[in-house]
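Next comes data-v1.cif, a file with mmCIF, C-alpha atoms.
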```cif
data_my_file
#
loop_
_atom_site.label_atom_id
_atom_site.label_comp_id
_atom_site.auth_asym_id
_atom_site.auth_seq_id
_atom_site.Cartn_x
_atom_site.Cartn_y
_atom_site.Cartn_z
CA MET A 1272 86.63 45.57 215.46
CA SER A 1273 87.50 44.62 211.88
CA ALA A 1274 88.45 47.09 209.16
CA ALA A 1275 85.68 48.38 206.90
CA GLY A 1276 85.06 46.30 203.80
CA ARG A 1277 85.73 47.44 200.24
CA PHE A 1278 82.90 48.54 197.96
CA LEU A 1279 83.31 47.27 194.37
CA THR A 1280 80.87 47.83 191.52
CA LEU A 1281 80.71 46.30 188.03
CA GLU A 1282 79.35 48.36 185.17
CA GLY A 1283 78.82 48.10 181.43
CA ILE A 1284 76.19 47.87 178.71
CA GLU A 1285 74.09 44.77 177.99
CA GLY A 1286 76.06 41.70 176.94
CA VAL A 1287 79.45 42.59 178.41
CA GLY A 1288 79.30 39.67 180.86
CA LYS A 1289 78.78 41.40 184.22
CA THR A 1290 76.85 38.51 185.75
CA THR A 1291 79.54 35.99 184.77
CA GLN A 1292 82.34 38.21 186.07
CA VAL A 1293 80.56 38.95 189.35
CA ALA A 1294 80.40 35.18 189.94
CA ARG A 1295 84.08 34.73 188.97
CA LEU A 1296 85.16 37.56 191.25
CA SER A 1297 83.13 36.16 194.14
CA LYS A 1298 84.80 32.76 193.65
CA ALA A 1299 88.26 34.36 193.57
CA LEU A 1300 87.56 36.24 196.82
CA SER A 1301 86.23 33.08 198.48
CA ASP A 1302 89.41 31.23 197.43
CA ARG A 1303 91.36 33.92 199.29
CA ALA A 1304 89.03 33.77 202.36
CA ILE A 1305 87.93 37.37 201.86
CA ALA A 1306 84.50 37.84 203.46
CA HIS A 1307 82.15 39.41 200.93
CA VAL A 1308 78.58 39.64 199.66
CA VAL A 1309 77.20 39.96 196.14
CA THR A 1310 74.26 42.23 195.35
CA ARG A 1311 72.75 44.18 192.47
CA GLU A 1312 71.01 47.40 191.51
CA PRO A 1313 68.27 48.33 191.21
CA GLY A 1314 67.29 46.02 194.06
CA GLY A 1315 69.36 44.30 196.71
CA THR A 1316 66.80 44.11 199.55
CA PRO A 1317 63.14 42.94 199.51
CA LEU A 1318 61.88 46.55 199.62
CA ALA A 1319 64.37 47.75 197.01
CA GLU A 1320 63.39 44.80 194.80
CA GLN A 1321 59.73 45.90 195.09
CA ILE A 1322 60.79 49.33 193.81
CA ARG A 1323 62.84 47.66 191.05
CA GLU A 1324 59.69 45.80 189.97
CA LEU A 1325 57.83 49.09 189.57
CA VAL A 1326 60.62 50.38 187.31
CA LEU A 1327 61.23 47.34 185.13
CA SER A 1328 57.81 45.73 184.73
CA ALA A 1329 55.70 46.37 181.68
CA ARG A 1330 52.46 48.17 182.50
CA ALA A 1331 49.57 50.00 180.87
CA GLU A 1332 50.53 53.34 182.45
CA SER A 1333 53.67 55.16 181.27
CA LEU A 1334 56.50 55.90 183.70
CA PRO A 1335 57.86 59.45 183.21
CA ASP A 1336 61.68 59.60 182.97
CA THR A 1337 61.85 61.79 186.08
CA ALA A 1338 59.78 59.29 188.06
CA GLU A 1339 62.07 56.47 186.90
CA LEU A 1340 65.09 58.44 188.10
CA LEU A 1341 63.51 59.07 191.52
CA LEU A 1342 62.52 55.42 191.92
CA MET A 1343 66.09 54.36 191.09
CA PHE A 1344 67.49 56.60 193.81
CA ALA A 1345 64.76 55.58 196.28
CA ALA A 1346 65.77 51.93 195.75
CA ARG A 1347 69.44 52.94 196.13
CA SER A 1348 68.73 54.74 199.41
CA VAL A 1349 67.05 51.59 200.78
CA HIS A 1350 69.85 49.34 199.48
CA LEU A 1351 72.62 51.50 200.96
CA HIS A 1352 70.94 52.12 204.31
CA ASN A 1353 69.60 48.61 204.94
CA TYR A 1354 72.27 46.42 203.33
CA ILE A 1355 75.47 47.90 201.83
CA GLU A 1356 76.51 50.16 204.72
CA PRO A 1357 75.94 47.49 207.43
CA GLN A 1358 77.92 44.94 205.39
CA LEU A 1359 80.84 47.34 204.89
CA ALA A 1360 80.74 48.30 208.57
CA ALA A 1361 80.97 44.58 209.45
CA GLY A 1362 84.19 44.33 207.41
CA ARG A 1363 82.76 42.51 204.41
CA TRP A 1364 83.47 43.48 200.83
CA VAL A 1365 80.38 44.35 198.80
CA ILE A 1366 80.35 43.39 195.09
CA CYS A 1367 77.49 45.23 193.41
CA ASP A 1368 76.21 44.59 189.88
CA ARG A 1369 75.59 48.20 188.75
CA PHE A 1370 75.42 51.34 190.87
CA THR A 1371 75.24 55.11 190.35
CA ASP A 1372 77.53 55.13 187.28
CA ALA A 1373 74.70 53.21 185.59
CA THR A 1374 72.28 56.02 186.46
CA TYR A 1375 74.58 58.61 184.87
CA ALA A 1376 75.01 56.38 181.81
CA TYR A 1377 71.44 55.08 181.31
CA GLN A 1378 69.16 57.80 182.67
CA GLY A 1379 71.60 60.69 182.20
CA ALA A 1380 73.15 60.06 178.79
CA GLY A 1381 70.80 57.35 177.47
CA ARG A 1382 67.53 59.10 178.27
CA GLY A 1383 69.01 62.60 178.15
CA LEU A 1384 68.18 63.69 181.70
CA GLY A 1385 71.57 65.38 182.10
CA THR A 1386 73.92 65.18 185.04
CA VAL A 1387 72.93 68.08 187.33
CA SER A 1388 69.82 66.43 188.80
CA ILE A 1389 71.61 63.07 189.07
CA ALA A 1390 74.56 64.62 190.91
CA ARG A 1391 72.19 66.28 193.39
CA LEU A 1392 70.33 63.02 194.00
CA GLU A 1393 73.66 61.16 194.37
CA SER A 1394 74.70 63.63 197.06
CA LEU A 1395 71.28 63.48 198.78
CA VAL A 1396 71.20 59.67 198.88
CA GLN A 1397 74.86 58.72 199.24
CA GLY A 1398 76.47 61.61 201.09
CA LYS A 1399 80.17 61.01 200.43
CA ARG A 1400 79.82 57.25 199.81
CA ARG A 1401 81.30 56.19 196.45
CA PRO A 1402 82.59 52.81 195.24
CA ASP A 1403 86.21 52.12 196.17
CA LEU A 1404 86.66 50.55 192.74
CA THR A 1405 84.40 50.37 189.69
CA LEU A 1406 85.18 47.78 187.02
CA LEU A 1407 83.84 48.99 183.68
CA LEU A 1408 83.47 46.05 181.29
CA ASP A 1409 83.70 47.59 177.84
CA LEU A 1410 82.56 46.22 174.47
CA PRO A 1411 81.49 47.75 171.16
CA VAL A 1412 77.70 48.16 171.31
CA THR A 1413 76.86 45.89 168.38
CA LEU A 1414 78.96 43.08 169.88
CA GLY A 1415 77.39 43.50 173.33
CA LEU A 1416 73.85 43.53 171.97
CA ALA A 1417 74.57 40.47 169.80
CA ARG A 1418 75.79 38.60 172.90
CA ALA A 1419 72.76 39.72 174.91
CA GLN A 1420 70.43 38.62 172.11
CA ALA A 1421 72.11 35.20 171.83
CA ARG A 1422 71.74 34.77 175.58
CA ASN A 1423 68.06 35.75 175.49
CA LEU A 1424 67.32 33.39 172.58
CA GLY A 1425 69.06 30.57 174.42
CA ALA A 1426 66.90 31.16 177.47
CA ALA A 1427 63.73 31.86 175.50
CA GLN A 1428 61.81 28.88 176.87
CA ASP A 1429 61.48 30.30 180.36
CA ALA A 1430 62.66 33.89 179.95
CA PRO A 1431 60.32 36.68 181.06
CA ALA A 1432 59.39 39.24 178.44
CA ALA A 1433 62.40 41.44 177.60
CA ASP A 1434 62.39 44.35 180.04
CA ARG A 1435 62.25 48.00 179.04
CA PHE A 1436 66.01 48.50 179.03
CA GLU A 1437 66.79 45.41 176.93
CA THR A 1438 64.54 46.63 174.15
CA GLN A 1439 66.25 49.97 173.62
CA ARG A 1440 68.06 50.55 170.38
CA VAL A 1441 71.71 50.74 169.36
CA GLU A 1442 71.92 54.55 169.40
CA PHE A 1443 70.76 54.55 172.99
CA PHE A 1444 73.52 52.13 174.00
CA GLU A 1445 76.12 54.13 172.07
CA ARG A 1446 75.30 57.10 174.30
CA VAL A 1447 75.41 54.88 177.38
CA ARG A 1448 78.81 53.40 176.46
CA ALA A 1449 80.29 56.82 175.68
CA ALA A 1450 79.09 58.15 179.05
CA TYR A 1451 80.65 55.20 180.88
CA LEU A 1452 83.99 55.73 179.08
CA ALA A 1453 83.93 59.48 179.77
CA ARG A 1454 83.37 58.84 183.47
CA ALA A 1455 86.23 56.34 183.56
CA ALA A 1456 88.52 58.86 181.85
CA ALA A 1457 87.57 61.51 184.41
CA GLU A 1458 88.10 59.22 187.44
CA PRO A 1459 90.92 56.83 186.47
CA ASP A 1460 91.79 55.99 190.09
CA ARG A 1461 88.29 54.81 190.95
CA MET A 1462 87.31 53.29 187.59
CA ALA A 1463 89.20 50.57 185.71
CA VAL A 1464 88.23 49.94 182.08
CA ILE A 1465 88.36 46.21 181.29
CA ASP A 1466 88.23 45.06 177.65
CA ALA A 1467 85.38 42.53 177.68
CA SER A 1468 85.95 41.15 174.18
CA PRO A 1469 88.26 38.22 175.11
CA ASP A 1470 86.88 35.02 176.67
CA ALA A 1471 85.64 35.01 180.28
CA ASP A 1472 88.90 33.56 181.68
CA HIS A 1473 90.94 36.43 180.25
CA VAL A 1474 88.48 39.06 181.49
CA ALA A 1475 88.44 37.49 184.98
CA ALA A 1476 92.26 37.58 185.05
CA LYS A 1477 92.30 41.27 184.14
CA ILE A 1478 89.81 42.03 186.92
CA LEU A 1479 92.05 40.28 189.45
CA SER A 1480 95.02 42.28 188.11
CA ALA A 1481 93.10 45.49 188.84
CA LEU A 1482 92.72 44.35 192.47
CA ARG A 1483 96.35 43.20 192.65
CA VAL A 1484 97.81 46.54 191.50
CA ARG A 1485 95.88 48.14 194.39
CA SER A 1486 97.44 45.56 196.76
CA TRP A 1487 93.97 44.39 197.79
CA ILE A 1488 94.75 40.74 196.95
CA THR A 1489 97.93 38.78 196.34
CA MET B 734 39.63 74.80 172.66
CA SER B 735 38.51 75.36 176.24
CA ALA B 736 40.46 77.32 178.83
CA ALA B 737 42.83 75.41 181.14
CA GLY B 738 41.27 74.17 184.36
CA ARG B 739 42.14 75.43 187.83
CA PHE B 740 44.34 73.38 190.17
CA LEU B 741 43.11 73.43 193.79
CA THR B 742 44.70 71.57 196.69
CA LEU B 743 43.46 70.98 200.25
CA GLU B 744 45.97 70.69 203.07
CA GLY B 745 46.04 70.31 206.83
CA ILE B 746 46.97 67.94 209.65
CA GLU B 747 45.01 64.82 210.58
CA GLY B 748 41.43 65.45 211.70
CA VAL B 749 40.83 68.84 210.06
CA GLY B 750 38.16 67.40 207.76
CA LYS B 751 39.86 67.45 204.35
CA THR B 752 37.96 64.44 203.02
CA THR B 753 34.60 65.93 204.02
CA GLN B 754 35.45 69.33 202.52
CA VAL B 755 36.76 67.83 199.28
CA ALA B 756 33.36 66.14 198.88
CA ARG B 757 31.49 69.38 199.74
CA LEU B 758 33.57 71.38 197.29
CA SER B 759 33.02 68.82 194.54
CA LYS B 760 29.26 69.01 195.12
CA ALA B 761 29.34 72.83 195.02
CA LEU B 762 31.24 72.78 191.71
CA SER B 763 28.84 70.22 190.25
CA ASP B 764 25.91 72.43 191.29
CA ARG B 765 27.52 75.19 189.23
CA ALA B 766 28.22 72.88 186.25
CA ILE B 767 31.98 73.33 186.62
CA ALA B 768 33.75 70.29 185.12
CA HIS B 769 36.20 68.91 187.65
CA VAL B 770 37.88 65.78 189.02
CA VAL B 771 38.84 64.81 192.58
CA THR B 772 42.12 63.08 193.35
CA ARG B 773 44.61 62.63 196.20
CA GLU B 774 48.30 62.37 197.06
CA PRO B 775 50.25 60.24 197.41
CA GLY B 776 48.44 58.29 194.70
CA GLY B 777 45.97 59.37 192.06
CA THR B 778 46.73 56.80 189.32
CA PRO B 779 47.16 53.00 189.54
CA LEU B 780 50.96 53.28 189.30
CA ALA B 781 51.13 56.18 191.77
CA GLU B 782 48.90 54.19 194.15
CA GLN B 783 51.38 51.30 193.94
CA ILE B 784 54.13 53.70 195.00
CA ARG B 785 51.85 55.03 197.78
CA GLU B 786 51.45 51.46 199.04
CA LEU B 787 55.23 51.11 199.34
CA VAL B 788 55.35 54.29 201.44
CA LEU B 789 52.39 53.73 203.75
CA SER B 790 52.32 49.99 204.36
CA ALA B 791 53.88 48.49 207.45
CA ARG B 792 56.81 46.17 206.64
CA ALA B 793 59.70 44.34 208.26
CA GLU B 794 62.30 46.51 206.47
CA SER B 795 62.74 50.15 207.46
CA LEU B 796 62.20 52.93 204.90
CA PRO B 797 64.90 55.63 205.20
CA ASP B 798 63.49 59.18 205.32
CA THR B 799 65.32 60.07 202.11
CA ALA B 800 63.81 57.08 200.30
CA GLU B 801 60.34 58.08 201.53
CA LEU B 802 60.88 61.59 200.14
CA LEU B 803 61.99 60.24 196.74
CA LEU B 804 59.04 57.84 196.55
CA MET B 805 56.65 60.70 197.33
CA PHE B 806 58.05 62.76 194.45
CA ALA B 807 58.14 59.73 192.11
CA ALA B 808 54.42 59.21 192.79
CA ARG B 809 53.84 62.94 192.26
CA SER B 810 55.67 62.85 188.91
CA VAL B 811 53.44 59.99 187.74
CA HIS B 812 50.30 61.70 189.06
CA LEU B 813 51.10 65.04 187.39
CA HIS B 814 52.23 63.59 184.06
CA ASN B 815 49.56 60.92 183.65
CA TYR B 816 46.53 62.57 185.27
CA ILE B 817 46.63 66.14 186.59
CA GLU B 818 48.20 67.86 183.55
CA PRO B 819 45.92 66.14 181.00
CA GLN B 820 42.84 67.02 183.09
CA LEU B 821 43.88 70.68 183.37
CA ALA B 822 44.68 70.80 179.65
CA ALA B 823 41.17 69.46 178.94
CA GLY B 824 39.72 72.41 180.87
CA ARG B 825 38.70 70.53 184.01
CA TRP B 826 39.40 71.74 187.51
CA VAL B 827 41.50 69.36 189.60
CA ILE B 828 40.74 69.13 193.34
CA CYS B 829 43.64 67.34 195.04
CA ASP B 830 43.65 66.09 198.65
CA ARG B 831 47.24 67.02 199.63
CA PHE B 832 50.13 68.01 197.34
CA THR B 833 53.65 69.40 197.73
CA ASP B 834 52.84 71.66 200.70
CA ALA B 835 52.27 68.38 202.58
CA THR B 836 55.79 67.26 201.67
CA TYR B 837 57.28 70.48 203.06
CA ALA B 838 55.16 70.13 206.20
CA TYR B 839 55.42 66.37 206.88
CA GLN B 840 58.80 65.32 205.48
CA GLY B 841 60.47 68.73 205.73
CA ALA B 842 59.35 70.07 209.09
CA GLY B 843 57.87 66.91 210.62
CA ARG B 844 60.78 64.59 209.88
CA GLY B 845 63.38 67.35 209.77
CA LEU B 846 64.60 66.86 206.19
CA GLY B 847 64.76 70.62 205.61
CA THR B 848 63.55 72.52 202.59
CA VAL B 849 66.53 72.66 200.20
CA SER B 850 66.23 69.08 198.92
CA ILE B 851 62.44 69.36 198.75
CA ALA B 852 62.61 72.59 196.75
CA ARG B 853 65.02 70.97 194.26
CA LEU B 854 62.76 67.93 193.88
CA GLU B 855 59.71 70.20 193.49
CA SER B 856 61.47 72.01 190.64
CA LEU B 857 62.66 68.75 189.05
CA VAL B 858 59.21 67.13 189.11
CA GLN B 859 56.84 70.08 188.68
CA GLY B 860 58.78 72.62 186.65
CA LYS B 861 56.76 75.80 187.21
CA ARG B 862 53.49 74.00 188.01
CA ARG B 863 52.02 75.08 191.38
CA PRO B 864 48.43 74.94 192.70
CA ASP B 865 46.32 77.94 191.66
CA LEU B 866 44.81 77.90 195.15
CA THR B 867 45.63 75.91 198.27
CA LEU B 868 43.03 75.72 201.04
CA LEU B 869 44.77 75.14 204.36
CA LEU B 870 42.28 73.75 206.90
CA ASP B 871 43.69 74.75 210.26
CA LEU B 872 42.99 73.33 213.72
CA PRO B 873 44.93 73.13 217.00
CA VAL B 874 46.83 69.83 216.95
CA THR B 875 45.17 68.30 220.01
CA LEU B 876 41.72 69.01 218.57
CA GLY B 877 42.64 67.57 215.16
CA LEU B 878 44.14 64.41 216.65
CA ALA B 879 41.11 63.95 218.92
CA ARG B 880 38.82 64.16 215.88
CA ALA B 881 41.01 61.75 213.91
CA GLN B 882 41.01 59.31 216.84
CA ALA B 883 37.23 59.49 217.21
CA ARG B 884 36.88 58.79 213.47
CA ASN B 885 39.26 55.82 213.64
CA LEU B 886 37.48 54.32 216.66
CA GLY B 887 34.14 54.73 214.93
CA ALA B 888 35.44 52.88 211.88
CA ALA B 889 37.41 50.31 213.85
CA GLN B 890 35.35 47.34 212.65
CA ASP B 891 36.69 47.47 209.10
CA ALA B 892 39.52 49.99 209.31
CA PRO B 893 42.98 48.89 208.19
CA ALA B 894 45.75 49.16 210.78
CA ALA B 895 46.63 52.80 211.45
CA ASP B 896 49.26 53.81 208.90
CA ARG B 897 52.69 55.19 209.78
CA PHE B 898 51.62 58.85 209.57
CA GLU B 899 48.54 58.43 211.79
CA THR B 900 50.64 57.03 214.63
CA GLN B 901 53.04 59.96 214.94
CA ARG B 902 52.94 62.00 218.11
CA VAL B 903 51.66 65.46 218.99
CA GLU B 904 55.07 67.20 218.76
CA PHE B 905 55.44 65.97 215.21
CA PHE B 906 52.09 67.46 214.23
CA GLU B 907 52.91 70.74 215.98
CA ARG B 908 55.91 71.08 213.65
CA VAL B 909 53.73 70.13 210.67
CA ARG B 910 51.04 72.68 211.56
CA ALA B 911 53.60 75.44 212.11
CA ALA B 912 55.20 74.72 208.72
CA TYR B 913 51.82 74.87 206.98
CA LEU B 914 51.00 78.22 208.63
CA ALA B 915 54.43 79.64 207.79
CA ARG B 916 53.97 78.67 204.13
CA ALA B 917 50.53 80.30 204.08
CA ALA B 918 51.96 83.49 205.58
CA ALA B 919 54.69 83.55 202.92
CA GLU B 920 52.30 82.96 200.01
CA PRO B 921 49.01 84.63 200.97
CA ASP B 922 47.78 84.91 197.37
CA ARG B 923 48.11 81.18 196.70
CA MET B 924 47.20 79.86 200.15
CA ALA B 925 44.00 80.59 202.08
CA VAL B 926 43.91 79.61 205.77
CA ILE B 927 40.47 78.29 206.72
CA ASP B 928 39.57 77.90 210.40
CA ALA B 929 38.40 74.27 210.59
CA SER B 930 37.02 74.42 214.14
CA PRO B 931 33.37 75.31 213.25
CA ASP B 932 30.96 72.69 211.89
CA ALA B 933 31.36 71.37 208.35
CA ASP B 934 28.68 73.69 206.90
CA HIS B 935 30.53 76.79 208.11
CA VAL B 936 33.89 75.52 206.84
CA ALA B 937 32.36 74.69 203.42
CA ALA B 938 30.90 78.21 203.24
CA LYS B 939 34.29 79.78 203.97
CA ILE B 940 35.90 77.65 201.24
CA LEU B 941 33.33 78.87 198.73
CA SER B 942 34.02 82.45 199.88
CA ALA B 943 37.71 81.94 199.06
CA LEU B 944 36.71 80.96 195.51
CA ARG B 945 34.21 83.81 195.25
CA VAL B 946 36.70 86.54 196.20
CA ARG B 947 38.85 85.28 193.31
CA SER B 948 35.78 85.56 191.02
CA TRP B 949 36.10 81.86 190.16
CA ILE B 950 32.47 81.16 191.13
CA THR B 951 29.42 83.31 191.74
#
```
Turn this file's structure into structure tokens for me.
Amino acid sequence: MSAAGRFLTLEGIEGVGKTTQVARLSKALSDRAIAHVVTREPGGTPLAEQIRELVLSARAESLPDTAELLLMFAARSVHLHNYIEPQLAAGRWVICDRFTDATYAYQGAGRGLGTVSIARLESLVQGKRRPDLTLLLDLPVTLGLARAQARNLGAAQDAPAADRFETQRVEFFERVRAAYLARAAAEPDRMAVIDASPDADHVAAKILSALRVRSWIT
Amino acid sequence: MSAAGRFLTLEGIEGVGKTTQVARLSKALSDRAIAHVVTREPGGTPLAEQIRELVLSARAESLPDTAELLLMFAARSVHLHNYIEPQLAAGRWVICDRFTDATYAYQGAGRGLGTVSIARLESLVQGKRRPDLTLLLDLPVTLGLARAQARNLGAAQDAPAADRFETQRVEFFERVRAAYLARAAAEPDRMAVIDASPDADHVAAKILSALRVRSWIT
């Protein structure tokens, strides 16, 4: 029986380059013959993606903040139970684009739901499961939003309508960023803050350094 | 400004006749010119019905019990916020086919999730909102299931496939019934136990008696 895989998550506000860095990291692991899968939250399985759709799609009826929070954790429960845990048990690394730190940052700090309810839901859904390493890609908010906007304009021909989160304002993302940084400061062993302002090659190199100092790769 | 409406829920295991009695009660209120609406859980609004579909529909992917619980409360949050509270505020009575007592009975006792998590979710989603009166239609399990089966056979031509809850076994419903009765014993002012074994006319009369002793109708 192989050893359990490692559970890595990437976090950060819009425009920090998570999608690019997830792909770079996956390539680097493949080059080293490390078995792994790439997934994302909310979503990650067909059922969890259906729940994601309910959260992110525009609709006539409003979605109360509490309902959004519960849907997020329902999708996470499905994702963990049906995909992440079996992959880790099979010895594969799991690289996940956003996880529970995003809930603390977006729903907790961004929407002001506070951390007590989120911590209880985290415990209910995850038990003691936490990421082995969380890479927090950090950028000033105005720079991140400018990059996200440039990306959306570039893809405007076939882009879907901007989802609810993308349309939030700068003050919202300032709260989100501050919450991410506070969590990283409180859990420095689990969370590595990566300056996302240099070009993608430099950021990818710093991510590999964070794995190398833990002796996970050579 | 009119007075706030009253919030009534009907509960009970399969086959006790909730749907019939909801219709009878609605007719009795209409006869007395009491403004009211009829709704159901899980569901009650288009968005909440979408969440209900995720819970009840058969699918290839399994739904963890915890995810089911969170989806139930997400639907309830939407239902309360977008429908029940505005109706009550407008002075209408709300008659709801199942509510949180069903979660304690089915997910808590039936599936063995326990009451601590449910109580926390109830507080998170409902604040201090509870039904003003809950009518618990009570029947021995074997009698209720026999009635439900007879109804399903009678409607077999155009009935959808039996949903996940309808296919559970007798022991499950024994736990559900016992949990309902224990809740009624603990909250006798809020919950009225109605013997559902007589014919529908007798049951309807006892429901109206429960409203009359509270001086809600004449």
Using all atoms listed in the file, determine which residues of chain A fall within 7 Å of chain B; present them as a ChimeraX atom specification.
/A:1318,1332,1334-1335,1337-1338,1341-1342,1345,1348-1349,1396
Expanded to explicit residues, what is the PyMOL selection byres ((chain A and resi 1278) around 6) for this file, as JSON, numbers by chain?
{"A": [1277, 1279, 1364, 1365, 1402, 1403]}
For B:Lys939, the nearest of the candidates B:Tyr913, B:Asp830, B:Ile927, B:Gly748, counting only C-alpha atoms:
B:Ile927
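Separating atom CA of A:Asp1466 from atom CA of A:Ile1478 is a distance of 9.9 Å.
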Protein and nucleic acid residues near (71.0, 53.8, 173.5) (cut-off 12 Å, only C-alpha atoms) as a list in words
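Those residues lying close to the given coordinates are Ile1284, Glu1285, Ala1376, Tyr1377, Gln1378, Gly1379, Ala1380, Gly1381, Arg1382, Gly1383, Val1412, Thr1413, Leu1416, Arg1435, Phe1436, Glu1437, Thr1438, Gln1439, Arg1440, Val1441, Glu1442, Phe1443, Phe1444, Glu1445, Arg1446, Val1447, Arg1448, Ala1449 and Ala1450 of chain A.
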10 Å contact set for A:Ala1306, all atoms listed in the file, chain neighbours under 3 positions out, as a ChimeraX atom specification:
/A:1276,1297,1300-1301,1303,1358,1361-1365
When the PyMOL selection byres ((chain B and resi 925) around 6) is applied to the file above, which residues end up in the set, as an MDAnalysis selection string?
chainID B and resid 868:869 924 926
Would you save the residues from that selection as a PDB file, in the coordinates of the input, using C-alpha atoms?
```
ATOM      1  CA  LEU B 868      43.030  75.720 201.040  1.00  0.00           C
ATOM      2  CA  LEU B 869      44.770  75.140 204.360  1.00  0.00           C
ATOM      3  CA  MET B 924      47.200  79.860 200.150  1.00  0.00           C
ATOM      4  CA  VAL B 926      43.910  79.610 205.770  1.00  0.00           C
TER       5      VAL B 926
END
```
Ref. answer, residues at most 12 Å from (88.0, 40.0, 182.9) with all atoms listed in the file, as a ChimeraX atom specification
/A:1281,1287-1296,1406-1410,1463-1482
What is the distance, in Å and to one decimal place, between atom CA of A:Thr1310 and atom CA of A:Ser1486?
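That distance, rounded to one decimal, is 23.5 Å.
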In terms of the shortest atom-to-atom distance over only C-alpha atoms, which of A:Thr1386, A:Thr1371, A:Ser1328, A:Gln1420 is closest to A:Thr1405?
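Using only C-alpha atoms, the shortest distance to A:Thr1405 belongs to A:Thr1371.
Shortest atom-to-atom contact with B:Pro775 among B:Ile950, B:Ala919, B:Leu821, B:Cys829: B:Cys829, counting all atoms listed in the file.
Taking atom CA of B:Ala879 and atom CA of B:Leu866 as endpoints, the distance between them is 27.8 Å.
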Using all atoms listed in the file, which residue out of A:Tyr1375, A:Asp1460, A:Arg1454, A:Arg1400 lies closest to A:Val1387?
A:Tyr1375
From the block you just saw, export stretch 1290-1329 of chain A: C-alpha atoms, as a short mmCIF file (atom, residue, chain, number, x, y, z; two decimals), in the first residue's frame.
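Written out: decode_24.cif:
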```
data_model
loop_
_atom_site.label_atom_id
_atom_site.label_comp_id
_atom_site.auth_asym_id
_atom_site.auth_seq_id
_atom_site.Cartn_x
_atom_site.Cartn_y
_atom_site.Cartn_z
CA THR A 1290 -5.10 29.08 -12.50
CA THR A 1291 -1.72 29.66 -14.18
CA GLN A 1292 0.20 28.51 -11.11
CA VAL A 1293 -1.95 25.41 -10.62
CA ALA A 1294 -1.04 24.40 -14.19
CA ARG A 1295 2.67 25.17 -13.60
CA LEU A 1296 2.70 23.18 -10.38
CA SER A 1297 0.97 20.23 -12.04
CA LYS A 1298 3.60 20.26 -14.81
CA ALA A 1299 6.43 20.38 -12.26
CA LEU A 1300 4.98 17.40 -10.37
CA SER A 1301 4.52 15.45 -13.61
CA ASP A 1302 8.17 16.16 -14.51
CA ARG A 1303 9.10 14.53 -11.19
CA ALA A 1304 6.71 11.57 -11.74
CA ILE A 1305 4.64 12.51 -8.70
CA ALA A 1306 1.11 11.11 -9.14
CA HIS A 1307 -1.41 13.90 -8.60
CA VAL A 1308 -4.79 15.33 -9.57
CA VAL A 1309 -5.94 18.92 -10.03
CA THR A 1310 -9.35 20.08 -8.82
CA ARG A 1311 -11.16 23.22 -7.71
CA GLU A 1312 -13.70 24.61 -5.27
CA PRO A 1313 -16.56 25.12 -5.24
CA GLY A 1314 -17.02 22.07 -7.45
CA GLY A 1315 -14.73 19.16 -8.20
CA THR A 1316 -17.32 16.42 -8.88
CA PRO A 1317 -20.46 16.48 -11.09
CA LEU A 1318 -22.73 16.83 -8.04
CA ALA A 1319 -20.52 19.46 -6.40
CA GLU A 1320 -20.43 21.35 -9.71
CA GLN A 1321 -24.26 21.34 -9.73
CA ILE A 1322 -24.17 22.95 -6.28
CA ARG A 1323 -21.53 25.42 -7.52
CA GLU A 1324 -23.90 26.41 -10.34
CA LEU A 1325 -26.61 27.25 -7.81
CA VAL A 1326 -24.17 29.53 -5.97
CA LEU A 1327 -22.54 31.33 -8.88
CA SER A 1328 -25.29 31.68 -11.47
CA ALA A 1329 -27.27 34.86 -11.79
#
```
